[in-house]
file model-v9.cif (mmCIF, N, CA and C atoms)
data_input
loop_
_atom_site.label_atom_id
_atom_site.label_comp_id
_atom_site.auth_asym_id
_atom_site.auth_seq_id
_atom_site.Cartn_x
_atom_site.Cartn_y
_atom_site.Cartn_z
N MET A 13 182.78 143.24 -113.20
CA MET A 13 181.62 142.37 -113.05
C MET A 13 181.34 142.22 -111.56
N SER A 14 180.11 142.36 -111.19
CA SER A 14 179.76 142.26 -109.78
C SER A 14 179.82 140.80 -109.31
N GLU A 15 179.92 140.65 -108.03
CA GLU A 15 180.03 139.31 -107.43
C GLU A 15 178.77 138.48 -107.71
N GLU A 16 177.61 139.12 -107.66
CA GLU A 16 176.34 138.41 -107.90
C GLU A 16 176.25 137.94 -109.35
N ALA A 17 176.69 138.77 -110.29
CA ALA A 17 176.66 138.38 -111.70
C ALA A 17 177.62 137.23 -111.95
N LYS A 18 178.77 137.23 -111.29
CA LYS A 18 179.74 136.15 -111.44
C LYS A 18 179.17 134.84 -110.91
N LYS A 19 178.49 134.88 -109.78
CA LYS A 19 177.87 133.68 -109.22
C LYS A 19 176.81 133.11 -110.15
N GLN A 20 176.02 133.98 -110.75
CA GLN A 20 174.98 133.52 -111.67
C GLN A 20 175.58 132.90 -112.92
N GLN A 21 176.74 133.38 -113.34
CA GLN A 21 177.36 132.88 -114.55
C GLN A 21 178.03 131.52 -114.33
N ASP A 22 178.44 131.25 -113.11
CA ASP A 22 179.22 130.05 -112.80
C ASP A 22 178.32 128.96 -112.23
N ILE A 23 177.36 128.46 -113.02
CA ILE A 23 176.43 127.42 -112.57
C ILE A 23 176.61 126.21 -113.47
N HIS A 24 176.79 125.05 -112.87
CA HIS A 24 176.92 123.79 -113.59
C HIS A 24 175.67 122.96 -113.31
N ILE A 25 174.86 122.75 -114.30
CA ILE A 25 173.62 121.97 -114.24
C ILE A 25 172.64 122.54 -113.19
N ASN A 26 172.98 122.44 -111.91
CA ASN A 26 172.14 123.02 -110.86
C ASN A 26 173.03 123.45 -109.71
N LYS A 27 172.46 124.09 -108.69
CA LYS A 27 173.26 124.63 -107.60
C LYS A 27 173.97 123.56 -106.78
N GLY A 28 173.31 122.43 -106.57
CA GLY A 28 173.93 121.34 -105.80
C GLY A 28 175.14 120.78 -106.51
N PHE A 29 175.02 120.56 -107.80
CA PHE A 29 176.14 120.03 -108.59
C PHE A 29 177.25 121.06 -108.69
N THR A 30 176.89 122.33 -108.79
CA THR A 30 177.90 123.40 -108.85
C THR A 30 178.72 123.40 -107.57
N GLY A 31 178.06 123.26 -106.44
CA GLY A 31 178.78 123.22 -105.16
C GLY A 31 179.72 122.03 -105.09
N TRP A 32 179.26 120.88 -105.59
CA TRP A 32 180.11 119.69 -105.58
C TRP A 32 181.33 119.90 -106.47
N VAL A 33 181.11 120.46 -107.68
CA VAL A 33 182.22 120.69 -108.61
C VAL A 33 183.24 121.65 -108.00
N HIS A 34 182.77 122.71 -107.36
CA HIS A 34 183.69 123.67 -106.78
C HIS A 34 184.42 123.10 -105.57
N HIS A 35 183.77 122.26 -104.83
CA HIS A 35 184.40 121.65 -103.65
C HIS A 35 185.39 120.56 -104.06
N HIS A 36 185.10 119.82 -105.11
CA HIS A 36 185.94 118.72 -105.57
C HIS A 36 186.49 119.03 -106.97
N ARG A 37 187.07 120.18 -107.14
CA ARG A 37 187.48 120.66 -108.46
C ARG A 37 188.46 119.71 -109.15
N ILE A 38 189.45 119.21 -108.45
CA ILE A 38 190.45 118.32 -109.07
C ILE A 38 189.79 117.00 -109.48
N LEU A 39 188.97 116.44 -108.61
CA LEU A 39 188.26 115.21 -108.94
C LEU A 39 187.34 115.42 -110.13
N ALA A 40 186.65 116.55 -110.17
CA ALA A 40 185.75 116.84 -111.29
C ALA A 40 186.52 116.92 -112.60
N ARG A 41 187.70 117.54 -112.58
CA ARG A 41 188.51 117.61 -113.80
C ARG A 41 188.92 116.22 -114.27
N TRP A 42 189.35 115.38 -113.34
CA TRP A 42 189.76 114.02 -113.72
C TRP A 42 188.58 113.22 -114.25
N LEU A 43 187.43 113.37 -113.63
CA LEU A 43 186.24 112.65 -114.10
C LEU A 43 185.86 113.10 -115.51
N MET A 44 185.96 114.39 -115.79
CA MET A 44 185.66 114.89 -117.13
C MET A 44 186.67 114.36 -118.14
N LYS A 45 187.94 114.32 -117.76
CA LYS A 45 188.96 113.78 -118.66
C LYS A 45 188.69 112.31 -118.96
N ILE A 46 188.35 111.56 -117.94
CA ILE A 46 188.05 110.13 -118.12
C ILE A 46 186.83 109.97 -119.00
N LEU A 47 185.81 110.78 -118.79
CA LEU A 47 184.60 110.72 -119.60
C LEU A 47 184.90 111.02 -121.07
N VAL A 48 185.69 112.05 -121.33
CA VAL A 48 186.02 112.42 -122.71
C VAL A 48 186.85 111.33 -123.37
N VAL A 49 187.83 110.79 -122.67
CA VAL A 49 188.65 109.71 -123.23
C VAL A 49 187.81 108.47 -123.49
N GLY A 50 186.90 108.16 -122.58
CA GLY A 50 186.04 106.99 -122.76
C GLY A 50 185.13 107.12 -123.98
N VAL A 51 184.52 108.28 -124.14
CA VAL A 51 183.63 108.49 -125.29
C VAL A 51 184.43 108.46 -126.58
N THR A 52 185.61 109.09 -126.58
CA THR A 52 186.46 109.09 -127.77
C THR A 52 186.89 107.68 -128.13
N SER A 53 187.28 106.90 -127.14
CA SER A 53 187.69 105.52 -127.40
C SER A 53 186.53 104.69 -127.94
N LEU A 54 185.35 104.88 -127.39
CA LEU A 54 184.18 104.15 -127.86
C LEU A 54 183.86 104.49 -129.30
N LEU A 55 183.89 105.77 -129.63
CA LEU A 55 183.62 106.19 -131.01
C LEU A 55 184.67 105.65 -131.97
N TYR A 56 185.94 105.65 -131.57
CA TYR A 56 187.01 105.10 -132.40
C TYR A 56 186.79 103.61 -132.63
N TYR A 57 186.45 102.88 -131.57
CA TYR A 57 186.20 101.45 -131.67
C TYR A 57 185.03 101.16 -132.61
N LEU A 58 183.94 101.92 -132.46
CA LEU A 58 182.77 101.70 -133.31
C LEU A 58 183.08 102.00 -134.77
N ARG A 59 183.84 103.05 -135.03
CA ARG A 59 184.20 103.38 -136.41
C ARG A 59 185.09 102.29 -137.01
N ARG A 60 186.01 101.79 -136.22
CA ARG A 60 186.89 100.72 -136.70
C ARG A 60 186.10 99.45 -136.98
N GLU A 61 185.16 99.11 -136.11
CA GLU A 61 184.32 97.93 -136.33
C GLU A 61 183.44 98.10 -137.55
N GLU A 62 182.94 99.31 -137.80
CA GLU A 62 182.12 99.57 -138.97
C GLU A 62 182.93 99.31 -140.25
N LYS A 63 184.18 99.77 -140.26
CA LYS A 63 185.04 99.52 -141.42
C LYS A 63 185.30 98.02 -141.58
N HIS A 64 185.49 97.32 -140.46
CA HIS A 64 185.72 95.88 -140.49
C HIS A 64 184.51 95.16 -141.08
N ILE A 65 183.31 95.57 -140.67
CA ILE A 65 182.08 94.95 -141.18
C ILE A 65 181.92 95.24 -142.66
N GLU A 66 182.21 96.47 -143.09
CA GLU A 66 182.11 96.80 -144.52
C GLU A 66 183.09 95.96 -145.33
N ASN A 67 184.30 95.76 -144.83
CA ASN A 67 185.28 94.92 -145.54
C ASN A 67 184.83 93.46 -145.63
N GLU A 68 184.21 92.97 -144.57
CA GLU A 68 183.68 91.61 -144.59
C GLU A 68 182.55 91.47 -145.60
N GLN A 69 181.68 92.48 -145.68
CA GLN A 69 180.58 92.42 -146.64
C GLN A 69 181.10 92.47 -148.07
N LYS A 70 182.12 93.28 -148.32
CA LYS A 70 182.72 93.36 -149.65
C LYS A 70 183.37 92.02 -150.00
N ARG A 71 184.01 91.40 -149.03
CA ARG A 71 184.70 90.13 -149.26
C ARG A 71 183.72 89.03 -149.58
N LEU A 72 182.55 89.04 -148.96
CA LEU A 72 181.55 87.99 -149.16
C LEU A 72 180.79 88.15 -150.47
N LYS A 73 180.82 89.32 -151.09
CA LYS A 73 180.08 89.51 -152.35
C LYS A 73 180.78 88.92 -153.52
#

call {"tool": "encode", "arguments": {"input": "model-v9.cif", "output": "structure tokens"}}
result
Amino acid sequence: MSEEAKKQQDIHINKGFTGWVHHHRILARWLMKILVVGVTSLLYYLRREEKHIENEQKRLK
């Protein structure tokens, strides 16, 4: 694969963000991990609350 084709393939959102990601690679990895864990935790919390609300509705009927 040529160098130019590799550069074109390795683009994140836009060129400015790609440069930031490549310059701060470790920080970018940690931020992505934190983002994924945060979204997963939020979804878990919402699903648990939904079950709690359904149980309350069943109890009140």

call {"tool": "atom_distance", "arguments": {"input": "model-v9.cif", "atom1": "CA of Asn26 in chain A", "atom2": "CA of Trp42 in chain A"}}
result
20.0 Å

call {"tool": "atom_distance", "arguments": {"input": "model-v9.cif", "atom1": "atom C of Thr30 in chain A", "atom2": "atom N of Val49 in chain A"}}
result
21.7 Å

call {"tool": "axis_aligned_box", "arguments": {"input": "model-v9.cif", "around": "range 34-45 of chain A", "padding_each_side": "3 Å", "output": "lines of an AutoDock Vina configuration file"}}
result
center_x = 186.6
center_y = 118.0
center_z = -111.3
size_x = 13.7
size_y = 17.4
size_z = 21.3

call {"tool": "atom_distance", "arguments": {"input": "model-v9.cif", "atom1": "CA of Thr52 in chain A", "atom2": "atom C of Lys27 in chain A"}}
result
28.4 Å
